[in-house]
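input_16.pdb (PDB, C-alpha atoms)
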ATOM      1  CA  MET B 288      -0.244  34.932  -0.024
ATOM      2  CA  PRO B 289       2.177  34.547   2.899
ATOM      3  CA  LEU B 290       4.864  31.911   2.663
ATOM      4  CA  PHE B 291       5.546  29.652   5.612
ATOM      5  CA  GLN B 292       8.510  27.433   6.313
ATOM      6  CA  ALA B 293       8.025  24.226   8.221
ATOM      7  CA  ARG B 294      10.031  21.308   9.435
ATOM      8  CA  VAL B 295       8.306  18.030  10.250
ATOM      9  CA  LEU B 296      10.313  15.662  12.406
ATOM     10  CA  VAL B 297       9.312  12.033  12.015
ATOM     11  CA  SER B 298      10.581   9.606  14.646
ATOM     12  CA  LEU B 299      10.014   5.942  15.333
ATOM     13  CA  ARG B 300       7.666   5.357  18.229
ATOM     14  CA  PRO B 301       9.551   4.469  21.422
ATOM     15  CA  SER B 302       8.165   0.918  21.346
ATOM     16  CA  VAL B 303       9.518   0.248  17.845
ATOM     17  CA  LEU B 304      12.969  -1.276  17.520
ATOM     18  CA  ASP B 305      15.434   0.957  15.620
ATOM     19  CA  PRO B 306      18.221  -1.338  14.383
ATOM     20  CA  ALA B 307      19.815   1.444  12.295
ATOM     21  CA  GLY B 308      19.976   3.660  15.396
ATOM     22  CA  GLU B 309      21.493   0.803  17.399
ATOM     23  CA  ALA B 310      24.163   0.211  14.735
ATOM     24  CA  THR B 311      24.972   3.925  14.682
ATOM     25  CA  ARG B 312      25.214   4.027  18.463
ATOM     26  CA  ALA B 313      27.660   1.125  18.343
ATOM     27  CA  ALA B 314      29.726   2.988  15.723
ATOM     28  CA  ALA B 315      29.798   6.072  17.952
ATOM     29  CA  GLY B 316      31.471   3.906  20.578
ATOM     30  CA  ARG B 317      34.032   2.649  18.058
ATOM     31  CA  LEU B 318      34.765   6.264  17.105
ATOM     32  CA  GLY B 319      35.636   6.873  20.740
ATOM     33  CA  ILE B 320      32.669   9.109  21.552
ATOM     34  CA  GLU B 321      31.790   8.241  25.122
ATOM     35  CA  GLY B 322      28.512   8.389  26.931
ATOM     36  CA  VAL B 323      26.056   7.949  24.034
ATOM     37  CA  GLY B 324      23.203   6.137  25.773
ATOM     38  CA  ARG B 325      20.368   6.338  23.315
ATOM     39  CA  LEU B 326      20.364   7.075  19.612
ATOM     40  CA  ARG B 327      17.250   6.932  17.444
ATOM     41  CA  ILE B 328      17.130   7.805  13.762
ATOM     42  CA  GLY B 329      14.208   9.664  12.224
ATOM     43  CA  LYS B 330      13.569  11.980   9.305
ATOM     44  CA  ALA B 331      13.401  15.735   8.973
ATOM     45  CA  VAL B 332      11.153  17.015   6.177
ATOM     46  CA  GLU B 333      11.594  20.681   5.216
ATOM     47  CA  ILE B 334       8.574  22.244   3.580
ATOM     48  CA  GLU B 335       7.604  25.625   2.173
ATOM     49  CA  ILE B 336       3.892  26.267   1.938
ATOM     50  CA  GLU B 337       1.746  29.219   0.907
ATOM     51  CA  ALA B 338      -1.389  29.734   2.966
ATOM     52  CA  PRO B 339      -3.691  32.624   3.944
ATOM     53  CA  ASP B 340      -2.539  32.437   7.561
ATOM     54  CA  ALA B 341      -0.517  30.388  10.007
ATOM     55  CA  GLU B 342      -3.502  28.439  11.288
ATOM     56  CA  CYS B 343      -4.413  27.307   7.789
ATOM     57  CA  ALA B 344      -0.800  26.343   7.055
ATOM     58  CA  ARG B 345      -0.689  24.373  10.281
ATOM     59  CA  GLN B 346      -3.881  22.476   9.457
ATOM     60  CA  ARG B 347      -2.604  21.492   6.018
ATOM     61  CA  LEU B 348       0.746  20.401   7.390
ATOM     62  CA  GLU B 349      -0.884  18.370  10.148
ATOM     63  CA  GLN B 350      -2.971  16.549   7.580
ATOM     64  CA  LEU B 351       0.110  15.979   5.409
ATOM     65  CA  SER B 352       2.075  14.623   8.354
ATOM     66  CA  ASP B 353      -0.718  12.355   9.562
ATOM     67  CA  ARG B 354      -1.635  10.941   6.189
ATOM     68  CA  LEU B 355       1.656  10.793   4.305
ATOM     69  CA  LEU B 356       4.887  11.802   6.027
ATOM     70  CA  ALA B 357       4.450   9.508   9.022
ATOM     71  CA  ASN B 358       2.851   6.110   9.454
ATOM     72  CA  PRO B 359       1.048   6.328  12.813
ATOM     73  CA  VAL B 360       1.427   2.575  13.326
ATOM     74  CA  ILE B 361       5.175   2.964  13.835
ATOM     75  CA  GLU B 362       5.986   6.673  13.838
ATOM     76  CA  ASP B 363       5.323   9.927  15.701
ATOM     77  CA  TRP B 364       5.811  13.385  14.244
ATOM     78  CA  SER B 365       6.190  16.960  15.409
ATOM     79  CA  LEU B 366       5.882  20.219  13.503
ATOM     80  CA  GLU B 367       7.857  23.468  13.609
ATOM     81  CA  LEU B 368       6.294  26.307  11.648
ATOM     82  CA  HIS B 369       7.194  29.939  11.022
ATOM     83  CA  GLN B 370       6.475  32.609   8.435
ATOM     84  CA  ALA B 371       9.285  33.050   5.926
ATOM     85  CA  ALA B 372      11.428  36.153   6.425
ATOM     86  CA  GLY B 373      10.261  38.913   4.073
ATOM     87  CA  SER B 374       6.979  37.133   3.306
ATOM     88  CA  GLN B 375       4.037  39.544   3.108
ATOM     89  CA  GLY B 376       0.689  39.451   4.831
ATOM     90  CA  ALA B 377      -1.142  37.784   7.725
TER      91      ALA B 377
ATOM     92  CA  MET S 220     -11.229 -15.596 -15.994
ATOM     93  CA  SER S 221      -8.057 -13.589 -15.564
ATOM     94  CA  VAL S 222      -5.608 -12.387 -12.878
ATOM     95  CA  GLY S 223      -4.434  -8.759 -12.792
ATOM     96  CA  ILE S 224      -0.843  -7.975 -11.837
ATOM     97  CA  VAL S 225      -0.284  -4.382 -10.726
ATOM     98  CA  VAL S 226       2.857  -2.736 -12.135
ATOM     99  CA  PHE S 227       4.276   0.311 -10.356
ATOM    100  CA  PRO S 228       7.386   2.162 -11.443
ATOM    101  CA  GLY S 229       9.978   0.115  -9.546
ATOM    102  CA  SER S 230       8.062  -3.179  -9.389
ATOM    103  CA  ASN S 231      10.500  -5.963 -10.200
ATOM    104  CA  CYS S 232       8.643  -9.221  -9.548
ATOM    105  CA  ASP S 233       5.680  -8.505 -11.827
ATOM    106  CA  ARG S 234       7.041 -10.666 -14.643
ATOM    107  CA  ASP S 235       7.990 -13.439 -12.243
ATOM    108  CA  VAL S 236       4.383 -13.516 -11.011
ATOM    109  CA  ALA S 237       3.106 -13.586 -14.602
ATOM    110  CA  TRP S 238       5.548 -16.374 -15.415
ATOM    111  CA  ALA S 239       4.342 -18.429 -12.450
ATOM    112  CA  LEU S 240       0.628 -17.792 -13.028
ATOM    113  CA  GLN S 241       0.518 -18.044 -16.778
ATOM    114  CA  GLY S 242       3.666 -19.931 -17.757
ATOM    115  CA  VAL S 243       3.600 -22.568 -15.030
ATOM    116  CA  LEU S 244      -0.045 -22.734 -13.985
ATOM    117  CA  GLY S 245      -1.701 -21.766 -17.252
ATOM    118  CA  LEU S 246      -3.841 -19.004 -15.712
ATOM    119  CA  PRO S 247      -4.543 -15.993 -17.968
ATOM    120  CA  THR S 248      -2.970 -12.786 -16.657
ATOM    121  CA  ARG S 249      -3.063  -9.109 -17.463
ATOM    122  CA  PHE S 250      -0.685  -6.353 -16.321
ATOM    123  CA  LEU S 251      -2.329  -3.331 -14.678
ATOM    124  CA  TRP S 252      -0.311  -0.118 -14.988
ATOM    125  CA  HIS S 253      -0.426   1.994 -11.815
ATOM    126  CA  GLU S 254      -2.219   4.822 -13.646
ATOM    127  CA  GLU S 255      -5.165   2.643 -14.679
ATOM    128  CA  ASP S 256      -8.275   3.066 -12.591
ATOM    129  CA  SER S 257     -10.263  -0.115 -13.074
ATOM    130  CA  VAL S 258      -9.921  -3.832 -12.390
ATOM    131  CA  GLU S 259     -13.095  -4.692 -14.244
ATOM    132  CA  GLY S 260     -13.189  -8.153 -15.773
ATOM    133  CA  LEU S 261     -10.538  -9.519 -13.412
ATOM    134  CA  ASP S 262     -11.134 -12.304 -10.909
ATOM    135  CA  ALA S 263      -8.087 -11.715  -8.692
ATOM    136  CA  VAL S 264      -5.366  -9.094  -8.282
ATOM    137  CA  VAL S 265      -1.718  -9.542  -7.288
ATOM    138  CA  LEU S 266       0.491  -6.735  -5.948
ATOM    139  CA  PRO S 267       3.998  -7.994  -6.745
ATOM    140  CA  GLY S 268       7.351  -7.376  -5.084
ATOM    141  CA  GLY S 269       9.843  -4.660  -5.895
ATOM    142  CA  PHE S 270      10.437  -1.075  -4.891
ATOM    143  CA  SER S 271       7.288   0.817  -5.865
ATOM    144  CA  TYR S 272       8.134   4.473  -6.589
ATOM    145  CA  GLY S 273      11.616   3.751  -5.262
ATOM    146  CA  ASP S 274      10.080   3.041  -1.840
ATOM    147  CA  TYR S 275      10.712   6.710  -1.092
ATOM    148  CA  LEU S 276       9.514   7.965   2.286
ATOM    149  CA  ARG S 277       8.544   4.428   3.431
ATOM    150  CA  CYS S 278       8.021   1.157   1.606
ATOM    151  CA  GLY S 279       4.639   1.365  -0.108
ATOM    152  CA  ALA S 280       3.879   4.874   1.159
ATOM    153  CA  ILE S 281       3.718   6.588  -2.239
ATOM    154  CA  ALA S 282       2.137   3.596  -3.983
ATOM    155  CA  ARG S 283      -0.861   3.958  -1.710
ATOM    156  CA  PHE S 284      -1.981   6.970  -3.757
ATOM    157  CA  ALA S 285      -1.797   5.261  -7.169
ATOM    158  CA  PRO S 286      -5.118   5.426  -9.082
ATOM    159  CA  ILE S 287      -5.165   1.644  -9.589
ATOM    160  CA  LEU S 288      -5.167   1.090  -5.834
ATOM    161  CA  GLU S 289      -8.503   2.847  -5.355
ATOM    162  CA  ALA S 290      -9.947   0.249  -7.729
ATOM    163  CA  VAL S 291      -8.083  -2.528  -5.890
ATOM    164  CA  ARG S 292      -9.449  -1.258  -2.576
ATOM    165  CA  ARG S 293     -13.045  -1.392  -3.843
ATOM    166  CA  PHE S 294     -12.389  -4.831  -5.329
ATOM    167  CA  ALA S 295     -10.991  -6.098  -1.998
ATOM    168  CA  GLU S 296     -13.785  -4.546   0.047
ATOM    169  CA  GLY S 297     -16.278  -6.280  -2.238
ATOM    170  CA  GLY S 298     -14.656  -9.635  -1.432
ATOM    171  CA  GLY S 299     -12.347  -9.867  -4.466
ATOM    172  CA  PRO S 300      -9.194 -11.951  -3.925
ATOM    173  CA  VAL S 301      -6.081  -9.781  -3.486
ATOM    174  CA  LEU S 302      -2.565 -11.116  -2.899
ATOM    175  CA  GLY S 303       0.284  -8.793  -1.856
ATOM    176  CA  ILE S 304       3.763 -10.254  -2.070
ATOM    177  CA  CYS S 305       6.730  -8.564  -0.326
ATOM    178  CA  ASN S 306       6.447  -4.915  -1.461
ATOM    179  CA  GLY S 307       2.807  -5.769  -2.194
ATOM    180  CA  PHE S 308       2.341  -6.698   1.488
ATOM    181  CA  GLN S 309       3.937  -3.392   2.484
ATOM    182  CA  VAL S 310       1.516  -1.574   0.171
ATOM    183  CA  LEU S 311      -1.474  -3.425   1.705
ATOM    184  CA  THR S 312      -0.474  -2.276   5.201
ATOM    185  CA  GLU S 313       0.094   1.315   4.053
ATOM    186  CA  MET S 314      -3.380   1.217   2.447
ATOM    187  CA  GLY S 315      -4.874  -0.070   5.685
ATOM    188  CA  LEU S 316      -6.262  -3.237   4.068
ATOM    189  CA  LEU S 317      -4.113  -5.170   6.536
ATOM    190  CA  PRO S 318      -3.051  -3.848   9.974
ATOM    191  CA  GLY S 319       0.491  -3.181  11.175
ATOM    192  CA  ALA S 320       3.620  -2.153   9.285
ATOM    193  CA  LEU S 321       6.785  -3.672   7.841
ATOM    194  CA  THR S 322      10.016  -2.191   9.189
ATOM    195  CA  ARG S 323      13.776  -2.569   8.813
ATOM    196  CA  ASN S 324      15.054  -6.103   9.492
ATOM    197  CA  ARG S 325      16.348  -6.529  13.022
ATOM    198  CA  ALA S 326      19.912  -7.262  11.868
ATOM    199  CA  LEU S 327      19.774  -4.566   9.139
ATOM    200  CA  HIS S 328      20.860  -6.994   6.399
ATOM    201  CA  PHE S 329      18.904  -7.584   3.237
ATOM    202  CA  LEU S 330      17.859 -11.229   3.601
ATOM    203  CA  CYS S 331      17.781 -13.455   0.533
ATOM    204  CA  GLU S 332      17.333 -17.071   1.555
ATOM    205  CA  PRO S 333      14.858 -19.948   1.817
ATOM    206  CA  ALA S 334      12.519 -19.444   4.783
ATOM    207  CA  PRO S 335      10.852 -22.395   6.524
ATOM    208  CA  LEU S 336       7.255 -21.460   7.342
ATOM    209  CA  GLU S 337       4.265 -22.871   9.199
ATOM    210  CA  VAL S 338       0.912 -22.479   7.463
ATOM    211  CA  ASN S 339      -2.395 -22.111   9.306
ATOM    212  CA  PRO S 340      -4.902 -21.300   6.574
ATOM    213  CA  GLY S 341      -7.717 -20.089   8.872
ATOM    214  CA  PRO S 342     -10.204 -18.130   6.763
ATOM    215  CA  CYS S 343      -7.693 -17.446   3.969
ATOM    216  CA  ARG S 344      -9.025 -18.321   0.516
ATOM    217  CA  TRP S 345      -5.472 -18.216  -0.922
ATOM    218  CA  LEU S 346      -4.351 -21.034   1.400
ATOM    219  CA  ARG S 347      -7.273 -23.444   1.070
ATOM    220  CA  ALA S 348      -5.043 -26.089  -0.474
ATOM    221  CA  TYR S 349      -2.729 -26.170   2.555
ATOM    222  CA  THR S 350      -3.358 -28.025   5.814
ATOM    223  CA  ALA S 351      -3.206 -26.505   9.301
ATOM    224  CA  GLY S 352       0.287 -26.792  10.721
ATOM    225  CA  GLU S 353       1.813 -27.697   7.372
ATOM    226  CA  SER S 354       5.518 -26.892   6.924
ATOM    227  CA  ILE S 355       6.592 -25.249   3.689
ATOM    228  CA  VAL S 356       9.663 -23.402   2.427
ATOM    229  CA  LEU S 357       9.426 -20.193   0.404
ATOM    230  CA  PRO S 358      12.229 -17.789  -0.536
ATOM    231  CA  ILE S 359      12.429 -14.410   1.155
ATOM    232  CA  ALA S 360      14.206 -11.366  -0.303
ATOM    233  CA  HIS S 361      13.738  -8.185   1.698
ATOM    234  CA  GLY S 362      15.421  -5.494   3.759
ATOM    235  CA  GLU S 363      12.254  -4.287   5.447
ATOM    236  CA  GLY S 364      10.207  -7.288   6.417
ATOM    237  CA  ARG S 365      10.050  -7.045  10.183
ATOM    238  CA  TYR S 366       6.352  -7.077  10.941
ATOM    239  CA  GLN S 367       5.360  -4.592  13.601
ATOM    240  CA  ALA S 368       2.013  -4.213  15.353
ATOM    241  CA  ASP S 369       1.058  -3.402  18.929
ATOM    242  CA  ALA S 370       0.220  -6.236  21.295
ATOM    243  CA  ALA S 371      -3.557  -5.692  21.125
ATOM    244  CA  THR S 372      -3.562  -5.743  17.310
ATOM    245  CA  LEU S 373      -1.472  -8.896  17.192
ATOM    246  CA  ARG S 374      -3.682 -10.625  19.744
ATOM    247  CA  SER S 375      -6.799  -9.725  17.800
ATOM    248  CA  LEU S 376      -5.247 -11.052  14.571
ATOM    249  CA  GLU S 377      -4.300 -14.297  16.274
ATOM    250  CA  GLU S 378      -7.739 -14.749  17.809
ATOM    251  CA  ARG S 379      -9.369 -14.435  14.394
ATOM    252  CA  GLY S 380      -6.944 -16.837  12.735
ATOM    253  CA  CYS S 381      -5.459 -14.104  10.541
ATOM    254  CA  VAL S 382      -1.812 -14.955  11.218
ATOM    255  CA  VAL S 383      -1.712 -17.553   8.481
ATOM    256  CA  LEU S 384       2.040 -17.792   7.842
ATOM    257  CA  ARG S 385       4.740 -17.814  10.522
ATOM    258  CA  TYR S 386       8.509 -18.096  10.294
ATOM    259  CA  ARG S 387       9.843 -21.231  11.946
ATOM    260  CA  ASP S 388      13.204 -19.533  12.443
ATOM    261  CA  ASN S 389      12.277 -15.844  12.599
ATOM    262  CA  PRO S 390      14.938 -14.272  10.362
ATOM    263  CA  ASN S 391      13.994 -10.579  10.614
ATOM    264  CA  GLY S 392      12.580  -9.998  14.097
ATOM    265  CA  SER S 393       8.883  -9.862  13.162
ATOM    266  CA  VAL S 394       6.559  -9.738  16.168
ATOM    267  CA  GLY S 395       4.705 -13.026  16.613
ATOM    268  CA  ASP S 396       6.959 -14.580  13.911
ATOM    269  CA  VAL S 397       4.504 -13.118  11.385
ATOM    270  CA  ALA S 398       5.434 -13.872   7.764
ATOM    271  CA  GLY S 399       1.953 -13.421   6.300
ATOM    272  CA  LEU S 400      -1.495 -12.152   7.304
ATOM    273  CA  CYS S 401      -4.983 -12.289   5.888
ATOM    274  CA  ASN S 402      -7.996 -10.116   6.639
ATOM    275  CA  PRO S 403     -10.811 -11.700   8.708
ATOM    276  CA  GLU S 404     -12.863 -12.199   5.524
ATOM    277  CA  GLY S 405      -9.972 -14.227   4.091
ATOM    278  CA  ASN S 406      -9.852 -12.656   0.622
ATOM    279  CA  VAL S 407      -6.805 -10.414   1.198
ATOM    280  CA  LEU S 408      -3.435 -12.050   1.895
ATOM    281  CA  GLY S 409      -0.135 -10.237   2.385
ATOM    282  CA  LEU S 410       3.159 -12.055   2.858
ATOM    283  CA  MET S 411       6.851 -11.233   2.747
ATOM    284  CA  PRO S 412       7.994 -14.568   1.189
ATOM    285  CA  HIS S 413       7.795 -15.036  -2.582
ATOM    286  CA  PRO S 414       5.444 -17.865  -3.664
ATOM    287  CA  GLU S 415       6.089 -17.039  -7.343
ATOM    288  CA  ARG S 416       9.711 -18.086  -6.886
ATOM    289  CA  ALA S 417       8.636 -21.511  -5.659
ATOM    290  CA  CYS S 418       6.461 -22.779  -8.499
ATOM    291  CA  ASP S 419       8.915 -24.876 -10.502
ATOM    292  CA  ALA S 420      11.116 -27.669  -9.126
ATOM    293  CA  LEU S 421      13.990 -26.295 -11.208
ATOM    294  CA  LEU S 422      14.011 -23.258  -8.906
ATOM    295  CA  GLY S 423      14.318 -25.392  -5.790
ATOM    296  CA  GLY S 424      10.740 -25.974  -4.684
ATOM    297  CA  VAL S 425       7.060 -25.862  -5.556
ATOM    298  CA  ASP S 426       5.513 -24.896  -2.218
ATOM    299  CA  GLY S 427       4.147 -21.622  -3.622
ATOM    300  CA  ARG S 428       2.226 -23.251  -6.412
ATOM    301  CA  ARG S 429      -0.995 -24.016  -4.565
ATOM    302  CA  MET S 430      -1.154 -20.444  -3.271
ATOM    303  CA  LEU S 431      -1.007 -18.906  -6.738
ATOM    304  CA  ALA S 432      -3.253 -21.579  -8.212
ATOM    305  CA  ALA S 433      -5.919 -20.404  -5.724
ATOM    306  CA  ALA S 434      -6.154 -17.088  -7.620
ATOM    307  CA  LEU S 435      -8.836 -18.615  -9.827
ATOM    308  CA  GLY S 436      -9.712 -21.547  -7.598
TER     309      GLY S 436
END
Turn the structure described in the file into structure tokens.
Amino acid sequence: MPLFQARVLVSLRPSVLDPAGEATRAAAGRLGIEGVGRLRIGKAVEIEIEAPDAECARQRLEQLSDRLLANPVIEDWSLELHQAAGSQGA
Amino acid sequence: MSVGIVVFPGSNCDRDVAWALQGVLGLPTRFLWHEEDSVEGLDAVVLPGGFSYGDYLRCGAIARFAPILEAVRRFAEGGGPVLGICNGFQVLTEMGLLPGALTRNRALHFLCEPAPLEVNPGPCRWLRAYTAGESIVLPIAHGEGRYQADAATLRSLEERGCVVLRYRDNPNGSVGDVAGLCNPEGNVLGLMPHPERACDALLGGVDGRRMLAAALG
């Protein structure tokens, strides 16, 4: 069974206030880093999954992202997927 | 007649709720471990505060998959009274029994203080003993209590009288000053403040008493 590696990026929807991002942006200014206009904090979830093919892996990961990793009320997500180096098949 | 109190790994207000219900109000209670799968024989269920499953991923996100919550969902959908306090409110939103989500407080601080509230009981069976517009004070203790819902959802909640508890001095940035919500049927109530900590005058107030007494009322 081929092994796939995925990264799901979960971010707060643009309309949702991100106070942690705001605080971090303010700290960037205190560090002397200039020009930081917008800073939003999300999560990156790294996943390895075995599946018969890429399409099947994608479907499972989409379901996982929709139903668990992100809360659609406040968050968006995006998925990066590739077959693991050296993994056999498909 | 008995009230079930759900206990997740990481719940930390379960015993406070039992103390308030049974010790102060004399209502029989039973703890429900998260791995149980039935609420049979119970007349009301409370989801207490704490950090269920460490609140990993998001507050309440892992708890949603606990076996006991499938039974709680059926109980709620059949009209059974369900009260979610603090983390319990977060769990109710993650389950979809109440709309919206609870997010990081606007000022990032964990807030632990008395919160003045306005009650508008609407259809809520838990708030029958309160009058419309009544002012009460309940303690809050949360880092992620900022209620978030889109404008259409909030408007629909307001039109149906579901925004039953509002902060008078919005401490966390919640949209619409929302401190607590019920479903349109009125049997499910979720709130960030802690009524169980306001049931004995020795603890500074008794404004939560009537809410918990409604469990079997």
For the interface of chain B with chain S (cut-off 7 Å, counting all atoms listed in the file), please tabulate each contacting residue of chain B alongside its nearest pair of atoms and their separation in Å to one decimal, rows sorted by chain and increasing number, as JSON lines.
{"residue": "B:Pro306", "atom": "CA", "partner": "S:Arg325", "partner_atom": "CA", "distance": 5.7}
{"residue": "B:Ala307", "atom": "CA", "partner": "S:Leu327", "partner_atom": "CA", "distance": 6.8}
{"residue": "B:Val360", "atom": "CA", "partner": "S:Gly319", "partner_atom": "CA", "distance": 6.2}
Problem set entry | Interatomic distance (Å, one decimal) between CA of Val356 in chain S and CA of Arg429 in chain S |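 Here the two named atoms are 12.8 Å from each other.
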Problem set entry | Resolved residues for the PyMOL selection byres ((chain B and resi 344-355) around 10) as an MDAnalysis selection string | (chainID B and resid 289:297 332 334:343 356:359 362:370) or (chainID S and resid 276:277 280:281 283:284 313)
For this session: Please write the residues picked by the PyMOL selection byres ((chain S and resi 403-405) around 9) on this file as a PyMOL selection string.
Result: chain S and resi 298+300+341-345+376+379-381+401-402+406-408
Output C-alpha atoms of each residue in that selection to a file, as a compact mmCIF listing (two decimals), in the coordinates of the input.
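That gives us selection_37.txt:
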# COMPACT_ATOMS: atom_id res chain seq x y z
CA GLY S 298 -14.66 -9.64 -1.43
CA PRO S 300 -9.19 -11.95 -3.92
CA GLY S 341 -7.72 -20.09 8.87
CA PRO S 342 -10.20 -18.13 6.76
CA CYS S 343 -7.69 -17.45 3.97
CA ARG S 344 -9.02 -18.32 0.52
CA TRP S 345 -5.47 -18.22 -0.92
CA LEU S 376 -5.25 -11.05 14.57
CA ARG S 379 -9.37 -14.44 14.39
CA GLY S 380 -6.94 -16.84 12.74
CA CYS S 381 -5.46 -14.10 10.54
CA CYS S 401 -4.98 -12.29 5.89
CA ASN S 402 -8.00 -10.12 6.64
CA ASN S 406 -9.85 -12.66 0.62
CA VAL S 407 -6.80 -10.41 1.20
CA LEU S 408 -3.44 -12.05 1.90
Exercise. What gap, in Å, lies between CA of Ile224 in chain S and CA of Glu353 in chain S?
Worked result: 27.7 Å
Exercise. Expanded to explicit residues, what is the PyMOL selection byres ((chain S and resi 411) around 10) for this file, as a list of chain:residue names?
Worked result: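 Matching residues under the PyMOL selection byres ((chain S and resi 411) around 10) are S:Gly268, S:Gly303, S:Ile304, S:Cys305, S:Asn306, S:Gly307, S:Phe308, S:Gln309, S:Leu321, S:Leu357, S:Pro358, S:Ile359, S:Ala360, S:His361, S:Glu363, S:Gly364, S:Arg365, S:Tyr366, S:Leu384, S:Val397, S:Ala398, S:Gly399, S:Leu400, S:Gly409, S:Leu410, S:Pro412, S:His413, S:Pro414.
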Next, write the just-selected residues to a file, as a compact mmCIF listing (two decimals), in the coordinates of the input, keeping C-alpha atoms as the atom set.
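Result file follows (again.txt):
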# COMPACT_ATOMS: atom_id res chain seq x y z
CA GLY S 268 7.35 -7.38 -5.08
CA GLY S 303 0.28 -8.79 -1.86
CA ILE S 304 3.76 -10.25 -2.07
CA CYS S 305 6.73 -8.56 -0.33
CA ASN S 306 6.45 -4.92 -1.46
CA GLY S 307 2.81 -5.77 -2.19
CA PHE S 308 2.34 -6.70 1.49
CA GLN S 309 3.94 -3.39 2.48
CA LEU S 321 6.78 -3.67 7.84
CA LEU S 357 9.43 -20.19 0.40
CA PRO S 358 12.23 -17.79 -0.54
CA ILE S 359 12.43 -14.41 1.16
CA ALA S 360 14.21 -11.37 -0.30
CA HIS S 361 13.74 -8.18 1.70
CA GLU S 363 12.25 -4.29 5.45
CA GLY S 364 10.21 -7.29 6.42
CA ARG S 365 10.05 -7.04 10.18
CA TYR S 366 6.35 -7.08 10.94
CA LEU S 384 2.04 -17.79 7.84
CA VAL S 397 4.50 -13.12 11.38
CA ALA S 398 5.43 -13.87 7.76
CA GLY S 399 1.95 -13.42 6.30
CA LEU S 400 -1.50 -12.15 7.30
CA GLY S 409 -0.14 -10.24 2.38
CA LEU S 410 3.16 -12.06 2.86
CA PRO S 412 7.99 -14.57 1.19
CA HIS S 413 7.80 -15.04 -2.58
CA PRO S 414 5.44 -17.86 -3.66
